[in-house]
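Single-structure report; data block below.
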Amino acid sequence: MTSTETSTHALLTDGSTVRIRPAVPADAARVLEFYSAMSPENLRLRFFSTGRRSAELAAARVAAAQMDNYQALLAESGDRVLGIADYAREPGTTAADISLAVADDQHHRGLGTLLLEHLVARASSAGITVFTADALAANHAVLKVFADLGLRTRRQFDGPEVRYAIELAQTDAYLSATDERGRIADVASLRPLLKPRSVVVVGAGRRPGSVGRAVLRNTRSGGFAGLLRAVNPHADIIEWVASHPSVASLPYVPDLAVLALPAPAVPEVAEACGEAGVRALLVLSSGLTREQATELLAHCRRYGMRMVGPNCLGLLNTASDIRLNATFTAHPPVPGTAGVAVQSGGVGIALLDGLSRLGIGVSTFVSLGDKYDVSGNDLLRWWESDGRTDLAVLHLESFGNPRAFSQTARRVARDMPILTVDAGRSDAGRRAAASHTAAAATPTMTRGALFTQAGIIATRTIGELLDTAALLKTQPLPDGSRVAVVTNAGGAGVLAADACDEAGLTVPVLSEATTADLLAALPHGASAVNPVDTTAAVGEEQLRRCVDRLCLCAEVDAVLVVLVPTAVAAAVGDDLVGALIHQSTRRPRPVAAVLPSQSARVELLPVREGGHVPAFGDAQDAAHALAQATTRARWLARTPGMVPELTDVDKAAARALVARFLEEHSEGGWLDPMTTAELLGHYSLPISPWGWASDEAEAVLTAERLGGADRGVVMKAYWPGLVHKSALGAVVLDLRGSQQIRSAYRALARRFGDRMTGVVVQPFAERGTEFFAGVVQDPVFGPLVLFGLGGTATEVLADHAARLAPLTDEDVQELMRSPRCAPLLFGHPGGGALDVAGVEQVLLRLSRMACDLPELCEADLNPVLARPESVTVVDVRLRLQPTHAVDPYLRRLR
């Protein structure tokens with residue numbers, strides 16, 4: 001990366017914002033001024049001396065450095081330099097010597113660590129693999145920064161000095177360390193927004209119907225615990241709240257300013273808020289132009305204000321010591337434990353009403369709107385830390401940084417369920433598919449991969465989300481997918497069993513012992529095979545004993561009770577629902593009721609001994625909720641997984657190859673066979689032997705070199721841009737003897753004429769099972785790895801699955817088991833297992849290649865031929881295109 005790149009903003013541990021940018025020669029005077037302001041002790045620790053000469057040399061290096069070998073980053077606030085980090089590359093190596101300095105009054109804010117993280121990202125993209133640094137043993141602050149960075153370090157003591165070597169490979173430990181630092185900074189920056197001590201509503205109108213006035217009224221009537229003011233130059237009091245003519249005229253500096261203004265006025269007022277010292281903005285206004293939006297965000301970054309919106313419904317925090325309802329919703333939600341973040345105000349209102357009706361309630365609600373700044377990732381970190389939220393609910397129409405979001409969600413989902421409405425499933429706005437990989441990688445598949453890997457429960461509707469929330473909030477998770485269906489009406493039980501099967505659950509036949517035990521508790525004529533038909537004569541106590549026994553049965557993981565009202569139960573005064581809620585002890589397995597006669601889609605029935613039982617109006621809704629709970633239980637049972645370290649990978653050579661290709665092909669393109677094989681070789685992917693021939697005689701010689709023309713070869717025509725060879729008749733199979741090889745070459749040359757630049761010759765592959773593996777670089781989500789049935793059936797049967805890279809060891813196992821063709825790989829009746837470890841290595845190396853090379857926009861390995869003893873990649877297509885690499889895990893604000 002070069003110094004011409006734009007700057008970025010990032011958060012420090014106290015929640016404040018700094019600007020980080022590359023230094024340019026014109027900064028030399030400011031760098032000298034920065035060092036001149038340091039105390040003698042700080043200078044001694046930085047330069048090992050207190051003389052001005054060292055500071056002058058450091059400034060001169062900024063002024064005269066060659067940017068290929070030297071890079072300096074400045075951290076700034078306003079016009080002041082707060083810190084500097086730089087590296088100087090050692091000629092002819094991949095090592096660079098670094099230095100770090102932070103202003104005297106800026107220590108203990110995480111500034112040095114933040115600078116080093118950004119320096120690591122820039123150095124890695126330049127091919128540097130190791131940082132070296134000298135420090136005084138007495139410089140405990142910088143030694144701690146190096147130790148806590150999360151990278152592998154080696155140190156050597158030499159008298160009063162310590163020599164450090166820091167490896168730049170971004171391990172799981174490093175990503176976890178940066179993520180934790182990001183969480184601390186994020187939460188600190190959100191406090192003025194979500195736990196403000198004072199609020200001002202700017203734009204609260206005098207007429208009752210204005211949005212600003214509605215927010216002011218909700219804030220006041222909700223009992224906000226802090227100070228509240230309004231800004232309106234034409235009123236002294238609005239909604240019994242004191243009003244002032246401007247932000248500058250307020251008697252105090254508010255933490256949070258709510259802007260409900262016409263779009264053209266928003267940037268100017270935002271700037272006034274920043275100048276006054278406001279820490280956070282909630283922008284309700286809509287209709288901002290691109291220029292207005294850019295100016296608004298620039299003011300937020302300049303003054304370090306976090307922002308929700310614009311074009312949003314507002315935010316609220318129901319904590320008893322906050323009681324903030326800065327929304328224009330008609331009804332405040334019930335306080336509770338669900339955190340809600342939405343992009344659509346309408347969806348937000350529906351979720352607030354539904355969670356309130358169920359009694360789950362809301363801890364924090366944020367309508368993200370156009371999401372210029374605060375995102376779903378920020379809210380996950382807040383809920384993780386607030387001590388109140390135990391259920392996260394999201395509605396996100398877009399993802400700013402999906403890989404960072406996934407990293408946070410994977411951690412948060414271990415502690416609380418994360419539910420989302422999968423919006424935008426029908427989006428078809430991708431570029432036209434150019435290969436099997438691109439054809440397979442739909443937006444739905446990409447989002448599904450994100451949700452699956454991160455442990456997010458994705459539902460198709462708001463109703464399904466509320467169904468699932470009701471079950472997860474009130475019942476233990478099932479250990480598996482086996483469901484016992486209990487009913488007092490046989491037909492309703494059959495429908496419930498069908499619903500379970502369609503949702504991916506099983507309704508197993510119960511053992512003779514369990515059946516006999518249940519029948520002993522049920523009326524004469526009952527059936528207990530599963531579904532358990534208790535008959536209409538069942539009484540409350542009999543039903544309760546039946547459900548309790550099933551909850552202790554090792555043959556099932558959940559119990560679904562379907563009840564219809566009957567005159568029989570009413571005649572004897574039995575309340576069959578009472579059998580579910582009058583339990584003597586807490587049931588160890590989840591129990592859900594289906595009450596077709598109830599009007600609500602889902603309700604929570606209060607249990608006498610505490611807790612609730614969810615009651616659904618339809619068996620399909622109950623089955624889907626149970627299936628989602630089963631999926632969560634299965635995800636939690638997985639180990640988090642780690643990205644395996646791979647041997648025999650030459651990233652530097654691969655990056656050099658990509659650079660050479662893009663220098664010659666500025667717009668990118670498909671690699672030729674020779675370059676393709678070379679790139680795969682850098683990642684030790686097992687490609688089938690091959691040779692190139694540009695005429696029929698050379699084709700015969702190539703076949704002889706590959707093992708003999710009489711043993712059978714395959715010939716594939718080639719020209720730049722050729723993708724679907726089989727569909728065009730550009731592949732000839734099982735050629736034996738020189739005459740067949742010559743004839744095949746001549747036939748291909750006649751068919752394709754001058755387009756054909758030559759042929760690829762390969763030995764005829766031994767029989768095996770054909771799979772497909774590929775990569776597509778999604779412009780938002782990053783690299784997506786696909787796997788499934790290969791050969792000519794790839795697109796016809798569409799049997800494939802996908803996961804986002806980098807793949808962990810757990811991800812790759814799930815990826816291989818997800819397609820319907822998985823039994824062909826792992827073994828099925830009549831066939832043994834193939835080389836599972838070999839396929840796993842192909843996918844892991846493909847994942848690594850995609851992460852190392854963001855320019856690899858498509859990789860299509862089809863077929864990947866698997867046998868019991870080996871795996872061979874028979875055919876490959878790779879496409880590169882220029883791109884600007886961005887570290888998805890680097891801490892920065894949008």
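Ligands are numbered from 1 in the order shown, residues from 1 within each chain, and chains are lettered A, B, ... in the order they appear in the structure tokens.
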task: List the neighbours of Ala492 in chain A out to 9 Å using only C-alpha atoms; skip same-chain residues closer than 5 positions along the sequence, and give me the result as a list in words.
output: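 Close residues of Ala492 in chain A: Thr487, Ala497, Val562, Leu563, Val564 and Ala619 of chain A.
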field: Exercise: range 393-399 of chain A partners within 7 Å, only C-alpha atoms, chain neighbours under 6 positions left out, as a count of residues only
entry: 12
field: Proximity to Tyr683 in chain A - best of A:Leu846, A:Thr630, A:Gly788, A:Ala526, only C-alpha atoms
entry: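 Among the listed residues, the smallest separation from Tyr683 in chain A belongs to A:Leu846.
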- request: Enumerate, as a ChimeraX atom specification, the complete set of residues in range 271-329 of chain A that a backbone-based DSSP assignment places in strand (DSSP E).
  value: /A:280-283,306-308,314-317,324-327
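Using only C-alpha atoms, the residues found no farther than 9 Å from Lys473 in chain A, other than those of its own chain fewer than 5 positions away, are Ile360, Asp390, Leu391, Thr468 and His612 of chain A.
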C-alpha atoms of the current selection, written as a PDB file, in the first residue's frame:
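Final output, out21.pdb:
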ATOM      1  CA  ILE A 360     -40.252 -11.359  26.484  1.00  0.00           C
ATOM      2  CA  ASP A 390     -30.065 -12.682  26.617  1.00  0.00           C
ATOM      3  CA  LEU A 391     -31.683 -12.770  23.163  1.00  0.00           C
ATOM      4  CA  THR A 468     -38.578 -19.429  17.663  1.00  0.00           C
ATOM      5  CA  HIS A 612     -43.778 -20.729  30.501  1.00  0.00           C
TER       6      HIS A 612
END
List as a short mmCIF file (atom, residue, chain, number, x, y, z; two decimals) with all heavy atoms, in the first residue's frame the protein and nucleic acid residues near range 156-160 of chain A, meaning an atom at most 9 Å away when only C-alpha atoms are counted, but skip any in the same chain fewer than 6 places from it.
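Below you can see result.cif, which holds the result:
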data_model
loop_
_atom_site.label_atom_id
_atom_site.label_comp_id
_atom_site.auth_asym_id
_atom_site.auth_seq_id
_atom_site.Cartn_x
_atom_site.Cartn_y
_atom_site.Cartn_z
N ALA A 135 14.06 -2.16 21.92
CA ALA A 135 13.44 -1.38 22.99
C ALA A 135 14.30 -1.49 24.24
O ALA A 135 15.00 -2.49 24.44
CB ALA A 135 12.02 -1.86 23.27
N LEU A 136 14.23 -0.47 25.07
CA LEU A 136 14.89 -0.54 26.37
C LEU A 136 14.08 -1.45 27.29
O LEU A 136 12.85 -1.43 27.29
CB LEU A 136 14.99 0.85 26.99
CG LEU A 136 15.98 1.82 26.31
CD1 LEU A 136 15.89 3.19 26.97
CD2 LEU A 136 17.40 1.28 26.38
N ALA A 137 14.78 -2.26 28.06
CA ALA A 137 14.09 -3.16 28.99
C ALA A 137 13.26 -2.37 29.99
O ALA A 137 12.27 -2.90 30.53
CB ALA A 137 15.11 -4.04 29.71
N ALA A 138 13.61 -1.11 30.20
CA ALA A 138 12.86 -0.29 31.14
C ALA A 138 11.59 0.30 30.52
O ALA A 138 10.76 0.88 31.24
CB ALA A 138 13.75 0.85 31.65
#
All helix (DSSP H, G or I) positions in range 475-682 of chain A, as a short mmCIF file (atom, residue, chain, number, x, y, z; two decimals) with C-alpha atoms, in the first residue's frame:
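Wrote it out as states-v5.cif, contents follow:
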data_model
loop_
_atom_site.label_atom_id
_atom_site.label_comp_id
_atom_site.auth_asym_id
_atom_site.auth_seq_id
_atom_site.Cartn_x
_atom_site.Cartn_y
_atom_site.Cartn_z
CA GLY A 490 -55.63 -38.84 16.06
CA GLY A 491 -55.97 -36.78 12.90
CA ALA A 492 -54.32 -33.73 14.50
CA GLY A 493 -51.46 -35.98 15.62
CA VAL A 494 -50.90 -37.19 12.05
CA LEU A 495 -50.71 -33.61 10.80
CA ALA A 496 -48.24 -32.76 13.56
CA ALA A 497 -46.07 -35.75 12.65
CA ASP A 498 -46.08 -34.64 9.01
CA ALA A 499 -45.09 -31.12 10.06
CA CYS A 500 -42.16 -32.47 12.10
CA ASP A 501 -40.93 -34.59 9.20
CA GLU A 502 -41.16 -31.67 6.77
CA GLU A 512 -42.21 -51.73 23.58
CA ALA A 513 -41.15 -50.90 27.14
CA THR A 514 -41.86 -47.18 26.71
CA THR A 515 -45.15 -47.92 24.96
CA ALA A 516 -46.28 -50.20 27.79
CA ASP A 517 -45.29 -47.59 30.39
CA LEU A 518 -47.33 -44.90 28.63
CA LEU A 519 -50.37 -47.09 28.09
CA GLU A 540 -55.76 -33.80 32.92
CA GLU A 541 -53.78 -35.95 35.34
CA GLN A 542 -53.37 -38.78 32.82
CA LEU A 543 -52.07 -36.37 30.20
CA ARG A 544 -49.67 -34.77 32.67
CA ARG A 545 -48.19 -38.17 33.63
CA CYS A 546 -47.82 -39.07 29.94
CA VAL A 547 -45.95 -35.87 29.11
CA ASP A 548 -43.75 -36.13 32.21
CA ARG A 549 -42.75 -39.71 31.36
CA LEU A 550 -41.87 -38.77 27.80
CA CYS A 551 -39.73 -35.90 29.08
CA ALA A 567 -66.94 -32.10 25.38
CA VAL A 568 -65.57 -35.17 27.17
CA ALA A 569 -62.92 -33.22 29.06
CA ALA A 570 -65.29 -30.33 29.71
CA ALA A 571 -67.94 -32.67 31.14
CA GLY A 578 -53.48 -27.54 32.76
CA ALA A 579 -51.58 -30.80 32.29
CA LEU A 580 -48.85 -28.76 30.62
CA ILE A 581 -48.69 -25.86 33.04
CA ALA A 619 -48.32 -27.60 14.18
CA GLN A 620 -46.11 -26.38 11.35
CA ASP A 621 -45.15 -23.28 13.32
CA ALA A 622 -44.29 -25.40 16.35
CA ALA A 623 -42.27 -27.86 14.25
CA HIS A 624 -40.26 -25.07 12.61
CA ALA A 625 -39.47 -23.57 16.03
CA LEU A 626 -38.35 -26.97 17.35
CA ALA A 627 -36.19 -27.47 14.25
CA GLN A 628 -34.51 -24.10 14.83
CA ALA A 629 -33.85 -25.05 18.47
CA THR A 630 -32.35 -28.34 17.28
CA THR A 631 -30.08 -26.50 14.87
CA ARG A 632 -28.88 -24.20 17.66
CA ALA A 633 -28.20 -27.13 19.97
CA ARG A 634 -26.19 -28.84 17.24
CA TRP A 635 -24.18 -25.66 16.58
CA LEU A 636 -23.42 -25.18 20.28
CA ALA A 637 -22.22 -28.79 20.51
CA LYS A 651 2.11 -17.17 -0.74
CA ALA A 652 4.86 -14.81 -1.87
CA ALA A 653 5.34 -16.65 -5.18
CA ALA A 654 1.58 -16.76 -5.72
CA ARG A 655 1.24 -13.03 -5.12
CA ALA A 656 4.11 -12.35 -7.52
CA LEU A 657 2.39 -14.47 -10.19
CA VAL A 658 -0.86 -12.56 -9.75
CA ALA A 659 0.96 -9.23 -9.95
CA ARG A 660 2.70 -10.24 -13.19
CA PHE A 661 -0.55 -11.40 -14.78
CA LEU A 662 -2.41 -8.21 -13.88
CA GLU A 663 0.44 -6.06 -15.17
CA GLU A 664 0.01 -7.75 -18.54
CA PRO A 673 -3.24 -23.62 -18.53
CA MET A 674 0.43 -23.06 -17.74
CA THR A 675 -0.23 -20.16 -15.37
CA THR A 676 -3.13 -22.04 -13.79
CA ALA A 677 -0.95 -25.05 -13.04
CA GLU A 678 1.79 -22.83 -11.64
CA LEU A 679 -0.61 -21.05 -9.29
CA LEU A 680 -2.15 -24.30 -8.06
CA GLY A 681 1.35 -25.63 -7.49
CA HIS A 682 2.09 -22.79 -5.07
#
task: May I have the residues within 7 Å of range 238-250 of chain A as a PyMOL selection string, using only C-alpha atoms and disregarding those fewer than 5 positions away in the same chain?
output: chain A and resi 206+217+229-233+272-273+276
Residues from the last selection, N, CA and C atoms, saved as a PDB file, in the first residue's frame:
ATOM      1  N   ARG A 206     -43.550  22.780  16.844  1.00  0.00           N
ATOM      2  CA  ARG A 206     -44.655  23.240  17.684  1.00  0.00           C
ATOM      3  C   ARG A 206     -45.970  22.540  17.349  1.00  0.00           C
ATOM      4  N   ARG A 217     -41.919  13.907  23.058  1.00  0.00           N
ATOM      5  CA  ARG A 217     -43.008  13.469  23.938  1.00  0.00           C
ATOM      6  C   ARG A 217     -42.738  12.072  24.489  1.00  0.00           C
ATOM      7  N   ARG A 229     -33.664  18.425  26.947  1.00  0.00           N
ATOM      8  CA  ARG A 229     -33.924  19.743  26.397  1.00  0.00           C
ATOM      9  C   ARG A 229     -34.343  19.614  24.934  1.00  0.00           C
ATOM     10  N   ALA A 230     -34.909  20.687  24.413  1.00  0.00           N
ATOM     11  CA  ALA A 230     -35.270  20.766  23.002  1.00  0.00           C
ATOM     12  C   ALA A 230     -34.576  21.959  22.380  1.00  0.00           C
ATOM     13  N   VAL A 231     -34.386  21.917  21.058  1.00  0.00           N
ATOM     14  CA  VAL A 231     -33.857  23.058  20.314  1.00  0.00           C
ATOM     15  C   VAL A 231     -34.876  23.436  19.247  1.00  0.00           C
ATOM     16  N   ASN A 232     -35.426  24.650  19.405  1.00  0.00           N
ATOM     17  CA  ASN A 232     -36.347  25.238  18.422  1.00  0.00           C
ATOM     18  C   ASN A 232     -36.300  26.745  18.619  1.00  0.00           C
ATOM     19  N   PRO A 233     -35.835  27.475  17.631  1.00  0.00           N
ATOM     20  CA  PRO A 233     -35.680  28.935  17.810  1.00  0.00           C
ATOM     21  C   PRO A 233     -36.997  29.679  17.947  1.00  0.00           C
ATOM     22  N   ALA A 272     -22.528  21.778  14.293  1.00  0.00           N
ATOM     23  CA  ALA A 272     -22.709  22.557  15.521  1.00  0.00           C
ATOM     24  C   ALA A 272     -22.679  21.644  16.747  1.00  0.00           C
ATOM     25  N   CYS A 273     -23.271  20.483  16.622  1.00  0.00           N
ATOM     26  CA  CYS A 273     -23.236  19.524  17.734  1.00  0.00           C
ATOM     27  C   CYS A 273     -21.805  19.102  18.031  1.00  0.00           C
ATOM     28  N   ALA A 276     -19.894  21.750  19.799  1.00  0.00           N
ATOM     29  CA  ALA A 276     -20.329  21.928  21.186  1.00  0.00           C
ATOM     30  C   ALA A 276     -19.837  20.810  22.101  1.00  0.00           C
TER      31      ALA A 276
END
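Using only C-alpha atoms for every distance, the candidate list A:Gly287, A:Pro310, A:Pro823, A:Pro335 yields A:Pro335 as the residue closest to Arg323 in chain A.
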task: Find, counting only C-alpha atoms, the residue in A:Glu275, A:Glu814, A:Asp255, A:Asp672 that gets nearest to Leu878 in chain A.
output: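 Distance minimum relative to Leu878 in chain A lands on A:Asp672.
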task: Write out as a ChimeraX atom specification the residues lying within 12 Å of Val839 in chain A, counting only C-alpha atoms and excluding same-chain residues fewer than 5 positions away.
output: /A:685-686,769-773,787-788,812-813,815-817,822,825-826,833-834,844-846,861,863-873
task: List the neighbours of Arg410 in chain A out to 7 Å using only C-alpha atoms; skip same-chain residues closer than 4 positions along the sequence, and give me the result as a ChimeraX atom specification.
output: /A:406,414,454-455
- prompt: Of the candidates A:Leu671, A:Ile322, A:Ala747, A:Ala188, which shows the shortest atom-to-atom distance to Glu696 in chain A, using only C-alpha atoms?
  reply: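 Smallest separation from Glu696 in chain A among the options: A:Ala747.
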- prompt: A:Val874, A:Ala749, A:Ala103, A:Val776: which is nearest Leu856 in chain A, counting only C-alpha atoms?
  reply: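 Distance minimum relative to Leu856 in chain A lands on A:Val776.
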statement: note - CA of Ser597 in chain A and CA of Thr566 in chain A are separated by 11.1 Å
Counting only C-alpha atoms, the option among A:Ala63, A:Ile84, A:Asp370, A:Val412 closest to Glu180 in chain A: A:Val412
